[in-house]
Amino acid sequence: MADTEKIIEIQVLRYRPEQDKEPVLQSYKVPFTDDMSVLQGLQYIKDYLDGTVSFRWSCRMAICGSCGMMIDGKPKLSCKTFLREYYPQGLKVEALAHLPIERDLVVGVEDFVTKLESIKPYIIPKEKRTLEQGEYLQTPQQRDMYEQFSSCINCMLCYAACPQYGLNPSFTGPGVLALMHRYNADSRDGGQAERLNSLGHADEGFWGCTAVGYCSEVCPKGVDPANAINQNKMNSAINYFTRFVTPGEADK
Amino acid sequence: MSNRRPYVRSMDGWWKRDPYFIRYMAREVSAVFVALYAIVLLFGLVRLGQGEAAFNGWLQYLKTPWMLVFHVIVLAVFCYHTWTWFNIMPKTMPIIFIGGKRLQPGTITGTGLAASVIACLAVLFIVRGMS
């Protein structure tokens, strides 16, 4: 039997830079069925009620990382969140917190992408091997050391959950630092020193984190950035102090 | 010409926006009480260095009604602080494998809490045994 159609109120934080001085809420009444996601609600608005509403989306199945937004104040993927959870009271959707709003629900990603590129998010081989020497071998346990951190889809929900990033955008932030750890923790990788000395040990690196931990709560892929960041602080502190007792290291 | 005009939202009152942030702030504030109590204990150490009469005076002062109220508050805050401390502990530790199985966050938190309860009881029994 088909679901009976219900109507839900979706409030959308609008920001049209050419006409709005600041973001304003606009309300839409959307008919929905129990299997409809918040993203589908927004698509209904765009298709039938107001074609000017802007938002990003692509895969509709929580893997592209495009449709992140604040849903009733919480950072969520709109494709993975259902309208029925907000019925009958309705819901409010806003652009991801802590990031600049370009238009409506679309945020600027330059800062994130620049930071992501800066940590060299790829394997820098520990040893050069020729094709004849074969593949780089790894045990299942060595893989487990980084696997969860490699699940990041760059959706930036963790940035919207991180007040330290909101207060100080020069902080590298949870997602990128988790990816830095993902490569550093890979037994095939030899780029740890490079990544850590250029950024990890800096104030903008691991030390910008105060272990709020909300990033790990909101991550839709179970990455646990708070763990990726904070487990590095001990080594970072040891590194800081051993520089002074190791000849020649302090000058670096 | 570009029409881009990115809007940056204010962070004013950020910690009131989500119950998670309120709990985080409560955790951070509880550290202030830990520092306060460390000062009380340090003061006792100074009085001890000044002789028996001074130390006994400090002990008597701790028994005044306001100091008892202060202790009850500090005890409650310390319990909360301990809980939050061990709750965040798994986040600060590298991934550990024991017998091929990953050590679960709950085990780390539980072990920490159990250790703190045992340590408190041990101190209590030692002090009881001395007096």
# chains A, B, ... in the order shown; residues from 1 in each chain; ligands from 1
>>> residues_around(residues="Gln40 of chain A", least_positions_apart="3", cutoff="10 Å", atoms="only C-alpha atoms", output="compact mmCIF listing (two decimals) with N, CA and C atoms, in the first residue's frame")
# COMPACT_ATOMS: atom_id res chain seq x y z
N PHE A 32 5.24 14.88 1.47
CA PHE A 32 6.29 13.87 1.51
C PHE A 32 5.73 12.50 1.89
N ASP A 35 9.49 7.47 2.88
CA ASP A 35 10.79 7.05 2.35
C ASP A 35 11.58 8.22 1.75
N MET A 36 11.10 9.45 1.97
CA MET A 36 11.79 10.60 1.36
C MET A 36 12.85 11.21 2.29
N SER A 37 14.03 11.48 1.71
CA SER A 37 15.10 12.10 2.48
C SER A 37 14.90 13.62 2.47
N GLN A 43 14.72 18.85 -3.25
CA GLN A 43 14.55 18.69 -4.70
C GLN A 43 13.09 18.98 -5.09
N TYR A 44 12.16 18.62 -4.21
CA TYR A 44 10.75 18.92 -4.48
C TYR A 44 10.55 20.44 -4.53
N ILE A 45 11.18 21.12 -3.55
CA ILE A 45 11.07 22.58 -3.51
C ILE A 45 11.60 23.18 -4.82
N LYS A 46 12.78 22.72 -5.22
CA LYS A 46 13.42 23.28 -6.42
C LYS A 46 12.61 22.98 -7.68
N ARG A 60 23.22 10.72 -3.80
CA ARG A 60 22.01 10.35 -3.04
C ARG A 60 22.21 9.12 -2.17
N SER A 78 22.10 15.36 3.92
CA SER A 78 20.66 15.45 3.72
C SER A 78 20.10 14.23 2.99
N CYS A 79 20.97 13.48 2.31
CA CYS A 79 20.50 12.26 1.62
C CYS A 79 20.31 11.11 2.59
N THR A 81 19.28 11.57 5.79
CA THR A 81 18.38 11.99 6.87
C THR A 81 16.97 12.03 6.31
N PHE A 82 16.02 11.45 7.05
CA PHE A 82 14.67 11.33 6.52
C PHE A 82 13.72 12.40 7.07
N LEU A 83 12.85 12.86 6.19
CA LEU A 83 11.88 13.89 6.56
C LEU A 83 10.97 13.41 7.69
>>> residues_around(residues="Val29 of chain B", least_positions_apart="3", cutoff="12 Å", atoms="only C-alpha atoms", output="count of residues only")
16
>>> atom_distance(atom1="atom CA of Arg195 of chain A", atom2="atom CA of Arg143 of chain A")
19.8 Å
>>> interface_residues(of="chain A", to="chain B", cutoff="8 Å", atoms="only C-alpha atoms", output="PyMOL selection string")
chain A and resi 17-18+22+73+97-103+108+141+145+163+166-167+211-214+226-233
>>> write_last_selection(atoms="C-alpha atoms", output="mmCIF file, in the first residue's frame")
data_model
loop_
_atom_site.group_PDB
_atom_site.id
_atom_site.type_symbol
_atom_site.label_atom_id
_atom_site.label_comp_id
_atom_site.auth_asym_id
_atom_site.auth_seq_id
_atom_site.Cartn_x
_atom_site.Cartn_y
_atom_site.Cartn_z
ATOM 1 C CA PRO A 17 24.426 37.597 -2.394
ATOM 2 C CA GLU A 18 23.008 39.883 -5.092
ATOM 3 C CA GLU A 22 22.309 38.656 5.406
ATOM 4 C CA GLY A 73 21.184 22.682 13.944
ATOM 5 C CA ALA A 97 28.133 25.981 10.091
ATOM 6 C CA HIS A 98 31.598 27.596 10.346
ATOM 7 C CA LEU A 99 31.962 27.795 6.565
ATOM 8 C CA PRO A 100 31.273 30.878 4.439
ATOM 9 C CA ILE A 101 27.893 30.798 2.671
ATOM 10 C CA GLU A 102 28.206 31.276 -1.088
ATOM 11 C CA ARG A 103 24.484 30.995 -1.794
ATOM 12 C CA GLY A 108 32.746 27.823 0.070
ATOM 13 C CA GLN A 141 46.593 -5.520 11.218
ATOM 14 C CA MET A 145 45.811 1.003 11.694
ATOM 15 C CA PRO A 163 34.006 25.116 17.164
ATOM 16 C CA GLY A 166 34.771 28.162 13.522
ATOM 17 C CA LEU A 167 36.676 30.355 15.963
ATOM 18 C CA ALA A 211 39.231 17.366 21.991
ATOM 19 C CA VAL A 212 35.656 18.609 21.795
ATOM 20 C CA GLY A 213 34.968 15.312 20.017
ATOM 21 C CA TYR A 214 31.810 16.375 18.174
ATOM 22 C CA ALA A 226 39.099 13.174 17.162
ATOM 23 C CA ASN A 227 41.003 9.932 17.635
ATOM 24 C CA ALA A 228 43.170 10.485 14.539
ATOM 25 C CA ILE A 229 44.187 13.911 15.862
ATOM 26 C CA ASN A 230 44.553 13.310 19.581
ATOM 27 C CA GLN A 231 46.562 10.109 19.367
ATOM 28 C CA ASN A 232 49.230 12.213 17.644
ATOM 29 C CA LYS A 233 49.614 14.684 20.486
#
>>> atom_distance(atom1="atom CA of Ile238 of chain A", atom2="atom CA of Leu199 of chain A")
16.0 Å
>>> atom_distance(atom1="atom CA of Leu103 of chain B", atom2="atom CA of Tyr240 of chain A")
28.3 Å
>>> select_by_dssp(residues="segment 21-178 of chain A", states="strand (DSSP E or B)", output="list in words")
Val24, Leu25, Gln26, Ser27, Tyr28, Lys29, Val30, Pro31, Phe32, Ser37, Gly68, Met69, Met70, Ile71, Lys74, Pro75, Lys76, Leu77, Phe82, Leu91, Lys92, Val93, Glu94, Ile101, Glu102, Arg103, Val106, Val107 and Pro125 of chain A
>>> residues_around(residues="His71 of chain B", least_positions_apart="5", cutoff="9 Å", atoms="only C-alpha atoms", output="list in words")
Tyr37, Leu62, Trp66 and Ala76 of chain B
>>> closest_residue(among="A:Glu85, A:Asp111, A:Glu194, A:Glu127", to="Tyr165 of chain A", atoms="only C-alpha atoms")
A:Asp111
>>> closest_residue(among="B:Ala53, B:Val72, B:Gly99, B:Thr82", to="Ala115 of chain B", atoms="only C-alpha atoms")
B:Thr82
>>> select_by_dssp(residues="segment 90-237 of chain A", states="helix (DSSP H, G or I)", output="PyMOL selection string")
chain A and resi 110-118+131-133+140-144+147-151+157-161+163-167+174-184+192-200+206-208+214-218+225-237
>>> residues_around(residues="Gln148 of chain A", least_positions_apart="2", cutoff="9 Å", atoms="only C-alpha atoms", output="number ranges by chain")
A: 144-146, 150-152, 182, 221-224
>>> write_last_selection(atoms="C-alpha atoms", output="PDB file, in the first residue's frame")
ATOM      1  CA  ASP A 144      43.541  -1.772  10.389  1.00  0.00           C
ATOM      2  CA  MET A 145      45.811   1.003  11.694  1.00  0.00           C
ATOM      3  CA  TYR A 146      44.547   3.389   9.012  1.00  0.00           C
ATOM      4  CA  SER A 150      40.531   6.292   4.890  1.00  0.00           C
ATOM      5  CA  SER A 151      36.711   6.265   4.808  1.00  0.00           C
ATOM      6  CA  CYS A 152      36.529  10.082   4.687  1.00  0.00           C
ATOM      7  CA  ARG A 182      45.518   8.058   7.462  1.00  0.00           C
ATOM      8  CA  LYS A 221      31.419   7.287   7.790  1.00  0.00           C
ATOM      9  CA  GLY A 222      32.764   6.428  11.260  1.00  0.00           C
ATOM     10  CA  VAL A 223      36.145   8.025  10.611  1.00  0.00           C
ATOM     11  CA  ASP A 224      36.654   9.308  14.193  1.00  0.00           C
TER      12      ASP A 224
END
>>> closest_residue(among="A:Pro88, A:Pro23, A:Pro174, A:Pro31", to="Leu116 of chain A", atoms="only C-alpha atoms")
A:Pro174
